[in-house]
Structures are given as structure tokens and as C-alpha cells.
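Shown below: final-v8.txt, with compact mmCIF, C-alpha atoms and all ligand atoms.
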```txt
# COMPACT_ATOMS: atom_id res chain seq x y z
CA MET A 1 66.48 117.03 124.30
CA THR A 2 69.81 117.41 126.15
CA SER A 3 71.66 120.76 125.94
CA PRO A 4 73.69 121.26 122.76
CA VAL A 5 77.29 120.16 122.57
CA ASP A 6 79.99 121.57 120.28
CA VAL A 7 80.76 118.32 118.47
CA LEU A 8 79.06 114.94 118.29
CA VAL A 9 81.16 112.10 116.94
CA ILE A 10 79.02 109.26 115.60
CA GLY A 11 80.83 105.92 115.95
CA GLY A 12 83.28 104.91 118.66
CA GLY A 13 85.57 102.55 116.74
CA GLN A 14 89.19 103.44 115.99
CA SER A 15 88.21 106.43 113.81
CA GLY A 16 85.87 107.91 116.42
CA LEU A 17 88.51 107.49 119.12
CA ALA A 18 91.18 109.15 116.98
CA ALA A 19 88.76 112.06 116.47
CA GLY A 20 88.15 112.21 120.24
CA TYR A 21 91.88 112.24 120.91
CA HIS A 22 92.47 115.28 118.68
CA LEU A 23 89.33 117.16 119.78
CA ARG A 24 90.42 116.69 123.39
CA ARG A 25 93.92 117.99 122.64
CA LEU A 26 92.40 121.10 121.09
CA GLY A 27 90.03 121.55 124.02
CA VAL A 28 86.91 121.15 121.87
CA GLU A 29 83.86 119.95 123.81
CA HIS A 30 82.57 116.69 122.33
CA VAL A 31 80.70 113.45 122.94
CA VAL A 32 81.20 110.18 121.05
CA LEU A 33 78.05 108.10 120.43
CA ASP A 34 78.43 104.42 119.65
CA GLY A 35 75.71 101.89 118.97
CA GLN A 36 77.47 98.93 120.51
CA ALA A 37 77.73 97.88 124.15
CA GLY A 38 81.50 97.30 124.07
CA ALA A 39 84.62 99.13 122.87
CA GLY A 40 86.52 98.10 119.73
CA GLY A 41 84.20 98.91 116.81
CA ALA A 42 84.30 96.38 113.99
CA TRP A 43 87.15 94.46 115.59
CA GLN A 44 84.61 92.91 117.99
CA HIS A 45 83.06 91.11 115.03
CA ALA A 46 86.20 89.65 113.49
CA TRP A 47 86.66 85.91 113.02
CA ASP A 48 88.86 84.16 115.57
CA SER A 49 91.98 83.77 113.43
CA LEU A 50 92.04 87.24 111.82
CA ARG A 51 95.52 88.71 111.83
CA LEU A 52 96.57 92.34 111.30
CA PHE A 53 98.51 93.21 108.16
CA SER A 54 101.23 94.81 110.22
CA PRO A 55 103.23 94.43 113.39
CA ALA A 56 101.69 96.21 116.39
CA ALA A 57 104.06 99.19 116.19
CA TYR A 58 102.65 100.07 112.74
CA SER A 59 99.04 99.72 113.87
CA SER A 60 98.89 102.56 116.35
CA LEU A 61 96.45 105.41 116.85
CA PRO A 62 97.81 108.89 117.63
CA GLY A 63 99.52 109.31 120.97
CA ARG A 64 99.95 105.72 122.04
CA PHE A 65 101.80 102.78 120.52
CA MET A 66 99.98 99.50 120.29
CA PRO A 67 102.01 97.10 122.46
CA ALA A 68 103.30 93.95 120.79
CA GLN A 69 101.22 90.82 121.30
CA GLU A 70 103.14 88.10 123.08
CA ARG A 71 104.56 85.49 120.69
CA GLU A 72 102.70 87.03 117.69
CA VAL A 73 104.20 89.06 114.83
CA SER A 74 100.76 90.00 113.50
CA PRO A 75 98.35 90.78 116.36
CA ASP A 76 94.83 89.34 116.35
CA ALA A 77 91.52 91.19 116.63
CA ALA A 78 91.18 90.55 120.38
CA HIS A 79 94.48 92.36 120.86
CA VAL A 80 93.14 95.36 118.90
CA VAL A 81 89.96 95.40 121.00
CA SER A 82 91.97 95.51 124.21
CA TYR A 83 94.23 98.23 122.78
CA LEU A 84 91.19 100.36 121.83
CA THR A 85 89.54 99.72 125.21
CA ASP A 86 92.68 100.89 126.96
CA TYR A 87 93.08 103.88 124.59
CA GLU A 88 89.58 105.09 125.36
CA LYS A 89 90.18 104.86 129.11
CA ARG A 90 93.66 106.36 129.04
CA TYR A 91 92.51 109.52 127.27
CA GLU A 92 89.20 109.60 129.19
CA LEU A 93 87.29 109.90 125.94
CA PRO A 94 83.61 110.71 126.51
CA VAL A 95 82.06 107.71 124.77
CA ARG A 96 78.35 106.97 125.29
CA ARG A 97 77.71 103.34 124.39
CA GLY A 98 74.52 101.65 123.27
CA VAL A 99 73.32 104.82 121.52
CA TRP A 100 72.21 104.25 117.94
CA VAL A 101 71.96 107.26 115.61
CA SER A 102 69.11 107.04 113.12
CA ALA A 103 69.27 110.45 111.43
CA VAL A 104 71.09 113.77 111.25
CA ARG A 105 69.10 116.85 110.22
CA ARG A 106 69.76 120.57 109.84
CA ASP A 107 68.26 122.58 112.68
CA GLY A 108 69.19 126.28 112.31
CA ASP A 109 72.68 126.84 113.74
CA PHE A 110 72.83 123.21 114.84
CA LEU A 111 72.80 119.72 113.43
CA ARG A 112 70.14 117.60 115.16
CA VAL A 113 71.22 114.04 115.80
CA GLU A 114 68.32 111.65 116.35
CA THR A 115 69.11 108.60 118.45
CA ASP A 116 67.25 105.72 120.05
CA SER A 117 67.73 107.46 123.40
CA GLY A 118 66.52 110.92 122.38
CA ASP A 119 67.62 113.77 120.14
CA ARG A 120 70.78 115.81 120.62
CA ARG A 121 72.10 118.94 118.94
CA ALA A 122 75.64 119.83 117.99
CA ARG A 123 77.41 122.64 116.19
CA ALA A 124 79.41 120.11 114.19
CA VAL A 125 79.34 116.36 113.57
CA ILE A 126 82.06 113.87 112.76
CA SER A 127 80.73 110.64 111.30
CA ALA A 128 82.96 107.61 111.91
CA THR A 129 80.47 104.79 111.48
CA GLY A 130 82.71 102.49 109.43
CA THR A 131 81.35 99.82 107.13
CA TRP A 132 80.78 96.61 109.08
CA THR A 133 77.05 97.24 109.58
CA ARG A 134 76.61 97.27 105.78
CA PRO A 135 77.87 93.96 104.38
CA PHE A 136 77.72 93.81 100.58
CA LEU A 137 76.53 90.75 98.65
CA PRO A 138 76.74 90.84 94.84
CA ALA A 139 73.65 90.10 92.75
CA VAL A 140 74.42 86.61 91.48
CA PRO A 141 71.86 84.57 89.52
CA GLY A 142 70.35 81.76 91.59
CA ARG A 143 71.41 83.16 94.95
CA ARG A 144 67.95 82.52 96.39
CA GLU A 145 67.77 79.00 94.92
CA PHE A 146 70.74 77.70 96.90
CA LEU A 147 69.45 75.47 99.72
CA GLY A 148 72.64 75.43 101.80
CA ARG A 149 73.84 78.03 104.25
CA GLN A 150 74.93 81.48 103.03
CA LEU A 151 76.83 83.87 105.22
CA HIS A 152 78.91 87.01 104.88
CA THR A 153 82.40 87.59 106.28
CA VAL A 154 80.86 89.44 109.21
CA GLN A 155 79.07 86.25 110.36
CA TYR A 156 82.06 83.93 110.03
CA ARG A 157 83.76 82.96 113.30
CA SER A 158 85.90 79.82 112.99
CA PRO A 159 86.52 76.76 110.80
CA ALA A 160 85.20 74.34 113.43
CA GLU A 161 81.57 74.70 112.37
CA PHE A 162 82.48 73.81 108.76
CA ALA A 163 84.66 70.77 109.46
CA GLY A 164 84.06 68.09 106.84
CA GLN A 165 81.67 70.32 104.84
CA ARG A 166 81.86 71.47 101.22
CA VAL A 167 82.37 75.23 101.38
CA ILE A 168 82.63 77.84 98.62
CA VAL A 169 84.48 81.00 99.67
CA VAL A 170 83.85 83.95 97.32
CA GLY A 171 86.29 86.86 97.22
CA GLY A 172 89.91 87.59 96.36
CA GLY A 173 90.63 90.22 99.00
CA ASN A 174 92.14 89.84 102.45
CA SER A 175 89.05 88.41 104.10
CA GLY A 176 88.54 85.87 101.31
CA ALA A 177 92.16 84.76 101.46
CA GLN A 178 92.29 84.58 105.27
CA ILE A 179 89.02 82.65 105.55
CA ALA A 180 89.98 80.30 102.70
CA ALA A 181 93.30 79.65 104.49
CA ASP A 182 91.39 79.01 107.70
CA LEU A 183 89.05 76.47 106.11
CA ALA A 184 91.43 74.69 103.72
CA PRO A 185 92.78 72.19 106.27
CA VAL A 186 89.36 71.10 107.60
CA ALA A 187 86.76 71.60 104.86
CA GLU A 188 86.36 70.66 101.20
CA LEU A 189 87.18 74.16 99.96
CA THR A 190 86.40 75.84 96.67
CA TRP A 191 87.87 79.34 96.60
CA VAL A 192 86.41 81.61 93.95
CA THR A 193 87.89 84.96 92.90
CA ARG A 194 86.91 87.39 90.15
CA ARG A 195 90.50 87.61 88.96
CA PRO A 196 93.50 85.45 89.84
CA PRO A 197 94.63 86.17 93.43
CA ARG A 198 97.19 88.98 93.60
CA TYR A 199 99.44 88.59 96.63
CA LEU A 200 101.52 91.52 97.84
CA ALA A 201 105.21 90.76 98.26
CA ASP A 202 105.71 88.76 101.45
CA ASP A 203 107.67 91.54 103.17
CA ILE A 204 105.00 94.21 102.66
CA ASP A 205 103.15 95.31 105.77
CA GLY A 206 100.82 98.10 106.86
CA ARG A 207 103.51 100.76 106.69
CA ALA A 208 104.10 100.16 102.98
CA LEU A 209 100.33 100.22 102.42
CA PHE A 210 100.08 103.54 104.23
CA ASP A 211 102.93 104.96 102.12
CA ALA A 212 101.28 103.79 98.89
CA ALA A 213 97.93 105.31 99.88
CA THR A 214 99.61 108.60 100.83
CA ALA A 215 101.55 108.77 97.55
CA ARG A 216 98.31 108.22 95.64
CA ARG A 217 96.43 110.95 97.51
CA ARG A 218 99.31 113.41 96.97
CA ALA A 219 99.43 112.61 93.24
CA LEU A 220 95.67 113.07 92.85
CA ASP A 221 95.65 116.31 94.88
CA ALA A 222 98.47 117.69 92.70
CA GLY A 223 96.64 116.72 89.50
CA ARG A 224 99.24 114.09 88.61
CA THR A 225 98.57 110.59 87.24
CA ASP A 226 96.81 108.14 89.60
CA THR A 227 99.51 105.87 91.06
CA GLY A 228 96.92 103.18 91.81
CA GLY A 229 97.69 103.36 95.53
CA VAL A 230 97.50 100.15 97.55
CA THR A 231 95.82 98.19 94.76
CA SER A 232 98.89 98.75 92.57
CA LEU A 233 100.75 96.49 95.04
CA GLY A 234 98.20 93.66 95.04
CA ASP A 235 95.00 92.63 96.81
CA ILE A 236 96.13 90.19 99.49
CA VAL A 237 98.60 90.82 102.28
CA ALA A 238 100.48 87.56 102.82
CA VAL A 239 99.99 87.36 106.61
CA PRO A 240 101.63 84.22 108.05
CA PRO A 241 98.56 81.88 107.93
CA VAL A 242 97.79 82.89 104.32
CA ARG A 243 101.42 82.47 103.30
CA ALA A 244 101.56 79.02 104.92
CA ALA A 245 98.37 77.82 103.20
CA ARG A 246 99.43 79.29 99.85
CA ASP A 247 102.91 77.72 100.07
CA ALA A 248 101.35 74.36 100.97
CA GLY A 249 99.33 74.54 97.74
CA LEU A 250 96.00 74.81 99.57
CA LEU A 251 94.89 78.09 97.99
CA ALA A 252 94.18 77.33 94.33
CA ALA A 253 91.48 79.76 93.18
CA LYS A 254 88.81 79.17 90.54
CA PRO A 255 87.25 81.99 88.49
CA MET A 256 83.85 83.33 89.54
CA PHE A 257 80.95 80.95 88.86
CA SER A 258 78.10 82.06 86.64
CA ARG A 259 75.24 81.07 88.96
CA LEU A 260 74.21 79.29 92.11
CA CYS A 261 71.72 76.43 91.99
CA ALA A 262 69.98 74.45 94.74
CA THR A 263 73.01 72.30 95.58
CA GLY A 264 76.01 74.46 94.70
CA ALA A 265 77.61 76.57 91.97
CA GLN A 266 77.80 76.27 88.19
CA TRP A 267 80.38 77.70 85.79
CA ALA A 268 79.70 78.77 82.22
CA ASP A 269 81.61 75.75 80.85
CA GLY A 270 79.21 73.40 82.66
CA THR A 271 81.44 72.46 85.61
CA ARG A 272 79.80 72.38 89.03
CA ALA A 273 80.80 72.40 92.67
CA GLU A 274 78.37 70.97 95.21
CA ALA A 275 78.32 72.93 98.46
CA ASP A 276 76.90 72.90 101.97
CA ALA A 277 77.76 76.57 102.49
CA VAL A 278 78.77 79.69 100.58
CA ILE A 279 80.74 82.37 102.43
CA TRP A 280 80.58 85.78 100.74
CA CYS A 281 83.80 87.70 101.43
CA THR A 282 82.65 90.46 99.14
CA GLY A 283 83.18 93.55 101.17
CA PHE A 284 81.19 96.29 102.79
CA ARG A 285 79.73 99.69 101.97
CA PRO A 286 80.02 102.90 104.04
CA ALA A 287 77.35 103.12 106.75
CA LEU A 288 75.93 106.54 105.84
CA GLY A 289 72.16 105.96 105.96
CA HIS A 290 71.80 108.41 108.86
CA PHE A 291 72.55 111.27 106.42
CA ALA A 292 69.74 110.46 103.98
CA SER A 293 67.69 113.54 104.89
CA LEU A 294 70.64 115.93 104.37
CA ARG A 295 70.59 115.11 100.64
CA LEU A 296 74.35 115.42 100.19
CA ARG A 297 75.90 114.96 96.78
CA GLY A 298 78.00 111.89 96.19
CA SER A 299 78.71 108.94 94.00
CA ARG A 300 79.26 105.21 94.52
CA GLY A 301 77.71 105.39 97.99
CA HIS A 302 80.16 108.10 99.10
CA ILE A 303 79.50 111.72 100.11
CA ALA A 304 81.45 114.42 98.24
CA THR A 305 84.27 115.66 100.51
CA VAL A 306 87.20 118.06 100.56
CA GLY A 307 89.62 116.27 102.86
CA THR A 308 87.22 115.04 105.52
CA ARG A 309 84.69 117.88 105.21
CA ALA A 310 81.42 117.32 103.39
CA VAL A 311 81.30 119.65 100.39
CA ASP A 312 77.61 120.47 100.91
CA GLU A 313 77.61 120.71 104.71
CA PRO A 314 80.68 122.39 106.25
CA ARG A 315 79.64 121.34 109.78
CA LEU A 316 79.98 117.67 108.84
CA HIS A 317 83.21 115.65 108.60
CA LEU A 318 83.61 112.01 107.57
CA LEU A 319 86.36 109.85 109.02
CA GLY A 320 87.48 106.32 108.24
CA TYR A 321 85.49 104.59 105.45
CA GLY A 322 88.31 104.55 102.86
CA ASP A 323 90.85 106.55 100.91
CA TRP A 324 88.17 109.05 99.84
CA THR A 325 88.28 110.53 103.38
CA GLY A 326 92.10 110.56 103.59
CA PRO A 327 94.95 108.23 102.62
CA ALA A 328 94.50 104.86 104.37
CA SER A 329 91.96 106.46 106.71
CA ALA A 330 90.21 103.12 107.24
CA THR A 331 93.34 101.76 108.94
CA LEU A 332 94.70 102.15 112.45
CA ILE A 333 97.92 103.82 111.33
CA GLY A 334 96.22 105.97 108.69
CA VAL A 335 93.30 107.52 110.56
CA GLY A 336 95.38 109.75 112.84
CA ARG A 337 96.20 112.38 110.25
CA PRO A 338 92.70 112.93 108.85
CA ALA A 339 91.36 112.89 112.43
CA ARG A 340 93.77 115.69 113.32
CA ASP A 341 92.81 117.68 110.22
CA ALA A 342 89.08 117.27 110.92
CA ALA A 343 89.50 118.36 114.55
CA ARG A 344 91.52 121.43 113.52
CA GLU A 345 89.01 122.46 110.87
CA ILE A 346 86.16 122.11 113.32
CA ALA A 347 88.03 124.07 116.01
CA ASP A 348 88.51 126.89 113.46
CA LEU A 349 84.86 126.74 112.43
CA LEU A 350 83.66 126.98 116.03
CA ALA A 351 86.12 129.68 117.08
CA PRO A 352 84.33 132.88 118.15
P1 LIG B 401 84.35 100.64 112.83
O1 LIG B 401 85.44 99.88 113.49
O2 LIG B 401 83.35 99.89 112.02
O3 LIG B 401 83.61 101.47 113.98
C1 LIG B 401 82.42 102.16 113.71
C2 LIG B 401 81.58 102.17 114.97
O4 LIG B 401 80.44 102.96 114.73
C3 LIG B 401 81.09 100.79 115.37
O5 LIG B 401 81.25 100.58 116.74
C4 LIG B 401 79.62 100.83 114.97
O6 LIG B 401 78.82 99.99 115.75
C5 LIG B 401 79.29 102.28 115.19
N1 LIG B 401 78.15 102.72 114.40
C6 LIG B 401 77.89 102.50 113.10
N2 LIG B 401 76.75 103.11 112.73
C7 LIG B 401 76.28 103.72 113.84
C8 LIG B 401 75.12 104.52 114.10
N3 LIG B 401 74.23 104.81 113.15
N4 LIG B 401 74.93 104.98 115.37
C9 LIG B 401 75.82 104.71 116.35
N5 LIG B 401 76.94 103.96 116.15
C10 LIG B 401 77.15 103.48 114.91
N6 LIG B 401 93.25 97.90 109.47
C11 LIG B 401 94.51 98.08 109.92
O7 LIG B 401 94.86 99.17 110.31
N7 LIG B 401 95.41 97.05 109.97
C12 LIG B 401 95.05 95.81 109.60
O8 LIG B 401 95.87 94.91 109.66
C13 LIG B 401 93.72 95.59 109.13
N8 LIG B 401 93.33 94.36 108.78
C14 LIG B 401 92.09 94.16 108.34
C15 LIG B 401 91.75 92.89 107.94
C16 LIG B 401 90.50 92.63 107.47
C17 LIG B 401 90.17 91.26 107.00
C18 LIG B 401 89.52 93.68 107.42
C19 LIG B 401 88.13 93.41 106.92
C20 LIG B 401 89.86 94.96 107.82
C21 LIG B 401 91.15 95.22 108.26
N9 LIG B 401 91.55 96.51 108.63
C22 LIG B 401 92.83 96.69 109.08
C23 LIG B 401 90.64 97.67 108.38
C24 LIG B 401 90.18 98.61 109.43
O9 LIG B 401 91.03 98.79 110.50
C25 LIG B 401 88.72 98.45 109.87
O10 LIG B 401 87.87 98.50 108.78
C26 LIG B 401 88.31 99.42 110.99
O11 LIG B 401 87.49 98.71 111.84
C27 LIG B 401 87.60 100.73 110.62
O12 LIG B 401 87.42 101.50 111.81
P2 LIG B 401 86.28 102.60 112.00
O13 LIG B 401 86.42 103.14 113.37
O14 LIG B 401 86.32 103.53 110.85
O15 LIG B 401 84.94 101.76 111.86
```
Using C-alpha cells, write down the structure that the file contains.
Amino acid sequence: MTSPVDVLVIGGGQSGLAAGYHLRRLGVEHVVLDGQAGAGGAWQHAWDSLRLFSPAAYSSLPGRFMPAQEREVSPDAAHVVSYLTDYEKRYELPVRRGVWVSAVRRDGDFLRVETDSGDRRARAVISATGTWTRPFLPAVPGRREFLGRQLHTVQYRSPAEFAGQRVIVVGGGNSGAQIAADLAPVAELTWVTRRPPRYLADDIDGRALFDAATARRRALDAGRTDTGGVTSLGDIVAVPPVRAARDAGLLAAKPMFSRLCATGAQWADGTRAEADAVIWCTGFRPALGHFASLRLRGSRGHIATVGTRAVDEPRLHLLGYGDWTGPASATLIGVGRPARDAAREIADLLAP
């Protein structure tokens, strides 16, 4: 086992880097462990045409503006990967790549972090493992009977491989809308959403989403009525490709089907859609399996937190994941503040 370190950050995507930035500023010794070979976290796995909700200037981590992408209002995922790669280098963040964490356990004054390249110990841990490693597929009758191809958002790359095919896209969020818009011109598309698609106003971008999430967190913290946060504005940000497909009448959504069968989907009223492929754009769950042995309280797959700190383990902070770890903390613009708060709390905890 290597000698103990003050803080181990698990996950080197945007949240882990934001944590590293603030720990470094406070002079707290730390190492960031990331399971992947390259920088960029989940952005490395995005489909080719994915566009950010916001212009580059509103998609920045603490300390450094994301530069604009040439000729693009909404940057693509490759632009985010190069921004994060540069960010990591610029701040000389101590990221160890290709290190997969399997478990975190209590070990006296330390937390023991078990990895595929040996165990390490730390006085505090920040978990920033995101969600992309845990794609969620709903339990739908007949899912195993379907003989065509089934894939999740995380496996989708580009419309080319579906040209001329009958494709059902399931999901009324941003990934569902963007992938449906991608496929509509080349495939025979059926877009299925649980409720009618709710587009945000065309001029809303990431800054407005951040403001809505912040207002919600403040209201909840002050015991006032839930404002509904981002979801009160809608589910789908009308990024340019989605807006274009919607305005061309290519994005008519059908309600959710009642079951899959061997050759496609069936609705309760007897209508059917034959399909070669079903793409599940049905979201992700927080990747928190490495904490199983700590037996932390939680609900809906979350861990109970005060701010970013785990209620039942003060040496553990959670960053990213969703609004439950800070307003808009699963966004580039939103993660800076909770990262700063987590770093400060840990610095106080470790102070002699
Ligand atoms: P991740 O990027 O997932 O990074 C986590 C890292 O931890 C990964 O490298 C992973 O491999 C690693 N890891 C996981 N488990 C382990 C383990 N056990 N051991 C070691 N390493 C591990 N956000 C915006 O700000 N603006 C946008 O416009 C925007 N658009 C989006 C559009 C879509 C369609 C989607 C799906 C998301 C969008 N987001 C956007 C959301 C958000 O920015 C991402 O979810 C973001 O990637 C979360 O960053 P993260 O660092 O928390 O997690």
C-alpha cells in the first residue's frame, strides 16, 4: 500500500478536476484517480453531434473560461474534452489515469480506497464518479423478446449506422430529443416520450438553467415552497439541431408503448411500430457502488448529504451527480461552487 494522502478524489471528469482546482488553491495534498485512459470524463463517450446547452463562456470550470469553438454557438463534446485536457495540464492537477476504484472502507483514522492497482489510504475522499457508467433501462414488458438491436444513449455514436432503418427512440429529455433530431433525416423514426415533449423557450441556455437550479436549492434550504428548479422550465433545451428538426416537423412524439414484441413495439390501443432498433435515452443513475460497504443512508440511489458532505461519514464528500449535491452540480458551470465548498470543508476538517 502506498503512503497515505490527505485527500483522494475518485473520478477525473469535470467534477473531479473542479475539486482538484480548489484543493490545490487551498494547498491541500490530493490525488485524483480516474478509471479511464484519457481526460474528459463522460464527454469522451458522447455521440458525434452532441451540442452543449450553452455558449462556451457559460460552460466554464472555475479559474478558466472555455474558449469559443470556431463557427459554433453551442460547442460539441470534442471541444469539451480538449478544454478539460487543457484545464488539467494548466493547473498541473495530479490525475492518475487507468485506476479503477472498487471499494471504499473505513480504516481507523483513514478511508481505505481499494483499486485495481493496489489499495490507498486517505484522510478524506471526494467522490466524483458521475453517472455514465450506470446507464438506466426501464423495465418494459417484452424487452427480451425484441429481436432487433437495443442500445442505450451511451452506445449511440452517429446516424450513419441507422440509415434506412426503422428506429424507435425512447425518451423525452435532451438525449432523446438530440438523438431523434439526428436520426429523423436518415431513418424511419418513431420517437416515444412518456409525456408530450416540453421544450424550454428557444432563448434559454445553461445560465438560465443554473439560475433556476440555484433558486430551487435556496428555496428548499430556507424551507420555502419547491420552485421546481430546471424542470419547471421544461425538459428539452432547444439547441440548434433540435430546433431545426422540430421546426421542420420531424419531431412528432408518440406516447410510451405498452410493450415490445419480437419485431417492434405495441401500444395499448393495438397500434404497432415495426423496428430494426430501439435506442433507450432513459438516463443514468449515480455511480456509487464503491461505497456499498460503508452502508450510508440514502434514498432513490442517492447518499444522504448536507451540501456535499455525506451525513453518515464526515470524511466523504460527493460532487457532481445532480442537484442533490449542489445546484446544477452535474454541469460545467454549476460544479465550481460545490467543489469550492467541499474543498474548504475538507481543509477545515484536516486542519491541525
Ligand atoms: P463524469 O464526466 O462522468 O466523470 C466521472 C469520471 O469518473 C469518469 O472519467 C469515470 O470513468 C470515472 N469513474 C467512474 N467510476 C469510477 C471508479 N469506480 N473508479 C475510478 N474512476 C471512476 N452539462 C453542461 O454543463 N452543459 C451542457 O450543455 C450539457 N449538456 C449535456 C447534454 C447531454 C445530452 C447530457 C447527457 C449531459 C449534458 N451535460 C451538460 C451534463 C454534464 O456536464 C455531464 O453529466 C458531466 O459529464 C458530469 O461530469 P462528472 O465529472 O460529474 O462525471
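The protein and nucleic acid residues lying at most 8 Å from segment 98-104 of chain A are Ile10, Leu33, Asp34, Gly35, Gln36, Ala37, Leu111, Arg112, Val113, Glu114, Thr115, Asp116, Ser117, Gly289, His290, Phe291, Ala292, Ser293 and Leu294 of chain A, with only C-alpha atoms considered and sequence neighbours fewer than 5 positions away removed.
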Taking all atoms listed in the file into account, report as a tab-separated table (two decimals) with C-alpha atoms, in the coordinates of the input which residues have an atom no farther than 7 Å from an atom of ligand LIG 401 (chain B).
```tsv
chain	number	residue	atom	x	y	z
A	10	ILE	CA	79.02	109.26	115.60
A	11	GLY	CA	80.83	105.92	115.95
A	12	GLY	CA	83.28	104.91	118.66
A	13	GLY	CA	85.57	102.55	116.74
A	14	GLN	CA	89.19	103.44	115.99
A	15	SER	CA	88.21	106.43	113.81
A	16	GLY	CA	85.87	107.91	116.42
A	33	LEU	CA	78.05	108.10	120.43
A	34	ASP	CA	78.43	104.42	119.65
A	35	GLY	CA	75.71	101.89	118.97
A	36	GLN	CA	77.47	98.93	120.51
A	40	GLY	CA	86.52	98.10	119.73
A	41	GLY	CA	84.20	98.91	116.81
A	42	ALA	CA	84.30	96.38	113.99
A	43	TRP	CA	87.15	94.46	115.59
A	50	LEU	CA	92.04	87.24	111.82
A	51	ARG	CA	95.52	88.71	111.83
A	52	LEU	CA	96.57	92.34	111.30
A	53	PHE	CA	98.51	93.21	108.16
A	54	SER	CA	101.23	94.81	110.22
A	59	SER	CA	99.04	99.72	113.87
A	99	VAL	CA	73.32	104.82	121.52
A	100	TRP	CA	72.21	104.25	117.94
A	101	VAL	CA	71.96	107.26	115.61
A	102	SER	CA	69.11	107.04	113.12
A	128	ALA	CA	82.96	107.61	111.91
A	129	THR	CA	80.47	104.79	111.48
A	130	GLY	CA	82.71	102.49	109.43
A	131	THR	CA	81.35	99.82	107.13
A	132	TRP	CA	80.78	96.61	109.08
A	133	THR	CA	77.05	97.24	109.58
A	174	ASN	CA	92.14	89.84	102.45
A	175	SER	CA	89.05	88.41	104.10
A	206	GLY	CA	100.82	98.10	106.86
A	287	ALA	CA	77.35	103.12	106.75
A	290	HIS	CA	71.80	108.41	108.86
A	319	LEU	CA	86.36	109.85	109.02
A	320	GLY	CA	87.48	106.32	108.24
A	321	TYR	CA	85.49	104.59	105.45
A	330	ALA	CA	90.21	103.12	107.24
A	331	THR	CA	93.34	101.76	108.94
A	332	LEU	CA	94.70	102.15	112.45
A	333	ILE	CA	97.92	103.82	111.33
```
Minimum-distance residue to Asp6 of chain A, chosen among A:Gly334, A:Leu350, A:Thr271, A:Ala219 (using all atoms listed in the file): A:Leu350
Residue among A:Glu70, A:Leu93, A:Asp76, A:Leu183 lying closest to Leu23 of chain A, counting all atoms listed in the file: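 Once distances to Leu23 of chain A are computed over all atoms listed in the file, the minimum belongs to A:Leu93.
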Point-to-point distance in Å for atom CA of Ile168 of chain A and atom CA of Phe146 of chain A: 12.0 Å
Point (72.6, 78.6, 93.8), cut-off 12 Å, counting only C-alpha atoms, residues as a ChimeraX atom specification: /A:139-150,168,257-267,272-278
Next, dump the selected residues to file, keeping only C-alpha atoms, as a PDB file, in the coordinates of the input.
```pdb
ATOM      1  CA  ALA A 139      73.650  90.100  92.750  1.00  0.00           C
ATOM      2  CA  VAL A 140      74.420  86.610  91.480  1.00  0.00           C
ATOM      3  CA  PRO A 141      71.860  84.570  89.520  1.00  0.00           C
ATOM      4  CA  GLY A 142      70.350  81.760  91.590  1.00  0.00           C
ATOM      5  CA  ARG A 143      71.410  83.160  94.950  1.00  0.00           C
ATOM      6  CA  ARG A 144      67.950  82.520  96.390  1.00  0.00           C
ATOM      7  CA  GLU A 145      67.770  79.000  94.920  1.00  0.00           C
ATOM      8  CA  PHE A 146      70.740  77.700  96.900  1.00  0.00           C
ATOM      9  CA  LEU A 147      69.450  75.470  99.720  1.00  0.00           C
ATOM     10  CA  GLY A 148      72.640  75.430 101.800  1.00  0.00           C
ATOM     11  CA  ARG A 149      73.840  78.030 104.250  1.00  0.00           C
ATOM     12  CA  GLN A 150      74.930  81.480 103.030  1.00  0.00           C
ATOM     13  CA  ILE A 168      82.630  77.840  98.620  1.00  0.00           C
ATOM     14  CA  PHE A 257      80.950  80.950  88.860  1.00  0.00           C
ATOM     15  CA  SER A 258      78.100  82.060  86.640  1.00  0.00           C
ATOM     16  CA  ARG A 259      75.240  81.070  88.960  1.00  0.00           C
ATOM     17  CA  LEU A 260      74.210  79.290  92.110  1.00  0.00           C
ATOM     18  CA  CYS A 261      71.720  76.430  91.990  1.00  0.00           C
ATOM     19  CA  ALA A 262      69.980  74.450  94.740  1.00  0.00           C
ATOM     20  CA  THR A 263      73.010  72.300  95.580  1.00  0.00           C
ATOM     21  CA  GLY A 264      76.010  74.460  94.700  1.00  0.00           C
ATOM     22  CA  ALA A 265      77.610  76.570  91.970  1.00  0.00           C
ATOM     23  CA  GLN A 266      77.800  76.270  88.190  1.00  0.00           C
ATOM     24  CA  TRP A 267      80.380  77.700  85.790  1.00  0.00           C
ATOM     25  CA  ARG A 272      79.800  72.380  89.030  1.00  0.00           C
ATOM     26  CA  ALA A 273      80.800  72.400  92.670  1.00  0.00           C
ATOM     27  CA  GLU A 274      78.370  70.970  95.210  1.00  0.00           C
ATOM     28  CA  ALA A 275      78.320  72.930  98.460  1.00  0.00           C
ATOM     29  CA  ASP A 276      76.900  72.900 101.970  1.00  0.00           C
ATOM     30  CA  ALA A 277      77.760  76.570 102.490  1.00  0.00           C
ATOM     31  CA  VAL A 278      78.770  79.690 100.580  1.00  0.00           C
TER      32      VAL A 278
END
```
